[in-house]
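Source file: final.txt. Holds: compact mmCIF, C-alpha atoms.
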# COMPACT_ATOMS: atom_id res chain seq x y z
CA MET A 1 0.00 0.00 0.00
CA ALA A 2 2.88 2.37 0.74
CA GLN A 3 4.29 1.86 -2.75
CA GLU A 4 0.88 2.54 -4.22
CA GLU A 5 0.71 5.85 -2.28
CA VAL A 6 4.12 6.82 -3.63
CA LYS A 7 2.99 6.22 -7.20
CA MET A 8 -0.27 8.14 -6.74
CA GLY A 9 1.12 10.72 -4.31
CA GLY A 10 -0.15 13.69 -6.32
CA LEU A 11 -3.75 12.46 -6.30
CA ARG A 12 -4.37 12.84 -2.58
CA ALA A 13 -6.43 15.74 -1.26
CA PRO A 14 -4.29 18.56 0.07
CA TYR A 15 -4.01 18.90 3.82
CA HIS A 16 -4.87 22.31 5.28
CA ALA A 17 -4.16 23.09 8.89
CA ALA A 18 -6.59 26.05 9.02
CA PRO A 19 -10.32 25.35 8.89
CA MET A 20 -12.30 26.70 5.94
CA GLN A 21 -14.25 29.87 6.65
CA SER A 22 -17.19 31.29 4.79
CA THR A 23 -18.42 34.84 4.55
CA VAL A 24 -22.09 35.77 4.38
CA ILE A 25 -23.09 39.12 2.91
CA ASN A 26 -26.62 40.35 3.48
CA ILE A 27 -27.76 42.65 0.68
CA GLN A 28 -30.94 44.56 1.28
CA SER A 29 -32.76 44.96 -1.97
CA GLU A 30 -34.39 48.32 -2.43
CA PRO A 31 -37.02 48.74 -5.11
CA GLN A 32 -35.31 49.65 -8.36
CA VAL A 33 -36.61 52.83 -9.94
CA PRO A 34 -35.73 53.14 -13.64
CA ASP A 35 -34.80 56.72 -14.46
CA HIS A 36 -35.01 56.42 -18.29
CA VAL A 37 -31.90 58.58 -18.85
CA VAL A 38 -30.74 56.69 -21.96
CA TRP A 39 -34.18 56.85 -23.59
CA SER A 40 -34.43 60.56 -22.74
CA LEU A 41 -30.98 61.24 -24.18
CA PHE A 42 -31.91 59.40 -27.39
CA ASN A 43 -35.11 61.42 -27.71
CA THR A 44 -33.24 64.64 -27.00
CA LEU A 45 -30.66 63.97 -29.69
CA PHE A 46 -32.79 62.38 -32.41
CA LEU A 47 -36.55 62.79 -31.81
CA ASN A 48 -36.78 66.10 -29.95
CA CYS A 49 -40.32 66.92 -31.05
CA CYS A 50 -41.58 70.08 -29.30
CA CYS A 51 -38.62 69.78 -26.88
CA LEU A 52 -40.31 66.83 -25.16
CA GLY A 53 -37.05 64.87 -25.25
CA PHE A 54 -35.18 67.63 -23.44
CA VAL A 55 -37.88 67.98 -20.78
CA ALA A 56 -37.91 64.19 -20.34
CA TYR A 57 -34.12 64.29 -19.91
CA ALA A 58 -34.49 66.93 -17.19
CA TYR A 59 -37.03 64.77 -15.33
CA SER A 60 -34.77 61.72 -15.74
CA VAL A 61 -31.87 63.59 -14.14
CA LYS A 62 -34.18 64.74 -11.34
CA SER A 63 -35.24 61.13 -10.82
CA ARG A 64 -31.62 59.99 -10.63
CA ASP A 65 -30.83 62.76 -8.12
CA GLN A 66 -33.78 61.80 -5.94
CA LYS A 67 -32.67 58.17 -6.06
CA MET A 68 -29.16 59.12 -4.92
CA VAL A 69 -30.59 61.13 -2.00
CA GLY A 70 -32.79 58.18 -1.01
CA ASP A 71 -36.20 59.69 -1.84
CA MET A 72 -37.70 56.76 -3.72
CA ILE A 73 -41.19 58.27 -3.91
CA GLY A 74 -39.87 61.45 -5.54
CA ALA A 75 -37.65 59.39 -7.82
CA GLN A 76 -40.64 57.27 -8.88
CA SER A 77 -42.72 60.39 -9.56
CA HIS A 78 -40.03 62.02 -11.73
CA ALA A 79 -39.31 58.72 -13.51
CA SER A 80 -43.00 58.27 -14.32
CA THR A 81 -43.17 61.78 -15.79
CA ALA A 82 -40.00 61.15 -17.81
CA LYS A 83 -41.45 57.87 -19.11
CA TYR A 84 -44.65 59.51 -20.36
CA LEU A 85 -42.75 62.40 -21.94
CA ASN A 86 -40.38 59.95 -23.62
CA PHE A 87 -43.31 57.92 -24.92
CA PHE A 88 -45.01 60.97 -26.43
CA SER A 89 -41.73 62.27 -27.84
CA THR A 90 -41.01 58.91 -29.47
CA VAL A 91 -44.53 58.59 -30.91
CA LEU A 92 -44.60 62.15 -32.25
CA GLY A 93 -41.07 61.85 -33.66
CA LEU A 94 -41.79 58.58 -35.45
CA LEU A 95 -45.13 59.90 -36.69
CA GLY A 96 -43.35 62.96 -38.08
CA ILE A 97 -40.77 60.78 -39.83
CA VAL A 98 -43.50 58.61 -41.39
CA ILE A 99 -45.45 61.66 -42.57
CA PHE A 100 -42.27 63.16 -44.00
CA ILE A 101 -41.51 59.95 -45.92
CA ILE A 102 -45.08 59.83 -47.27
CA LEU A 103 -44.91 63.47 -48.38
CA VAL A 104 -41.55 62.98 -50.09
CA ALA A 105 -42.85 59.88 -51.87
CA MET A 106 -45.98 61.68 -53.01
CA GLY A 107 -43.97 64.69 -54.16
CA THR A 108 -41.64 62.44 -56.13
CA VAL A 109 -44.53 60.65 -57.83
CA MET A 110 -46.26 63.92 -58.65
CA SER A 111 -43.08 65.46 -60.07
CA PHE A 112 -42.50 62.41 -62.29
CA GLN A 113 -46.09 62.62 -63.50
CA ALA A 114 -45.72 66.33 -64.29
CA LEU A 115 -42.41 65.68 -66.04
CA SER A 116 -43.92 62.89 -68.15
CA GLN A 117 -46.84 65.16 -69.12
CA MET A 118 -44.43 67.91 -70.15
CA VAL A 119 -42.40 65.52 -72.25
CA GLY A 120 -45.59 64.12 -73.80
CA GLN A 121 -46.87 67.59 -74.72
CA GLN A 122 -43.59 68.61 -76.34
CA GLY A 123 -43.58 65.51 -78.50
CA HIS A 124 -46.93 66.36 -80.14
Show me, as structure tokens, the structure contained in the file I just sent.
Amino acid sequence: MAQEEVKMGGLRAPYHAAPMQSTVINIQSEPQVPDHVVWSLFNTLFLNCCCLGFVAYAYSVKSRDQKMVGDMIGAQSHASTAKYLNFFSTVLGLLGIVIFIILVAMGTVMSFQALSQMVGQQGH
């Protein structure tokens, strides 16, 4: 048996003189309040219809400040306002883009029709 231990000496479990200790960390979970800063910044930069994106960004920053102070009710109120402003800014911005695309398409079709009529009249 001793010769077998010598051959397989590296396979034994290591011996530790100190006992193993564990650490327990208690994390108290506070309700997470989304502040919508990224969405507000996107709306401010790209879809700032009637300055709603900028106002939403201001409310998002207020929400983040209230969260840092520890006022979760104020943070939730400002975050809710920022969410609604972001929603309306996004909807109005996308609606404006769609209307713009429709108007450009209609203008292009009408200009081609007018051009074809002009060419047709000159040929006769």
- prompt: atom CA of A:Asn48 and atom CA of A:Ser80 are how many Å apart?
  reply: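 Atom-to-atom, atom CA of A:Asn48 and atom CA of A:Ser80 are spaced 18.6 Å apart.
Atom CA of A:Ile99 is positioned 28.9 Å from atom CA of A:Ser60.
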Atom CA of A:Ser63 to atom CA of A:Ala79, straight-line distance in Å: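 Computing the Euclidean distance for atom CA of A:Ala79 and atom CA of A:Ser63 yields 5.4 Å.
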Box along x, y and z, 4 Å on every side, all listed atoms of stretch 22-33 of chain A inside: centre and edge lengths in Å to one decimal, as lines of an AutoDock Vina configuration file.
center_x = -27.1
center_y = 42.1
center_z = -2.6
size_x = 27.8
size_y = 29.5
size_z = 22.7
List the spatial neighbours of A:Leu45 as a PDB file with C-alpha atoms, in the frame of the given file - criterion: any atom at most 12 Å away, all atoms listed in the file, same-chain residues fewer than 5 positions off excluded.
ATOM      1  CA  VAL A  38     -30.740  56.690 -21.960  1.00  0.00           C
ATOM      2  CA  TRP A  39     -34.180  56.850 -23.590  1.00  0.00           C
ATOM      3  CA  SER A  40     -34.430  60.560 -22.740  1.00  0.00           C
ATOM      4  CA  CYS A  51     -38.620  69.780 -26.880  1.00  0.00           C
ATOM      5  CA  LEU A  52     -40.310  66.830 -25.160  1.00  0.00           C
ATOM      6  CA  GLY A  53     -37.050  64.870 -25.250  1.00  0.00           C
ATOM      7  CA  PHE A  54     -35.180  67.630 -23.440  1.00  0.00           C
ATOM      8  CA  ALA A  56     -37.910  64.190 -20.340  1.00  0.00           C
ATOM      9  CA  TYR A  57     -34.120  64.290 -19.910  1.00  0.00           C
ATOM     10  CA  SER A  89     -41.730  62.270 -27.840  1.00  0.00           C
ATOM     11  CA  THR A  90     -41.010  58.910 -29.470  1.00  0.00           C
ATOM     12  CA  GLY A  93     -41.070  61.850 -33.660  1.00  0.00           C
TER      13      GLY A  93
END
- prompt: Given the choices A:Val37, A:Gln66, A:Leu92, A:Gln21, which gets closest to A:Cys50 if the distance is worked out from only C-alpha atoms?
  reply: A:Leu92
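Closest approach to A:Asp65 among A:Val33, A:Ala114, A:Met106, A:Leu95: A:Val33, based on all atoms listed in the file.
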field: Of the listed residues A:Thr108, A:Phe46, A:Leu103, A:Val61, that which approaches A:Ala75 most closely, counting all atoms listed in the file
entry: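 The answer is A:Val61, which sits nearest to A:Ala75.
With all atoms listed in the file as the basis for measurement, A:Gly70 is the residue among A:Gly120, A:Gly70, A:Gly96, A:Gly107 that approaches A:Pro31 most closely.
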field: Counting all atoms listed in the file, the option among A:Val119, A:Met20, A:Val55, A:Ile27 closest to A:Asn86
entry: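 Closest candidate: A:Val55.
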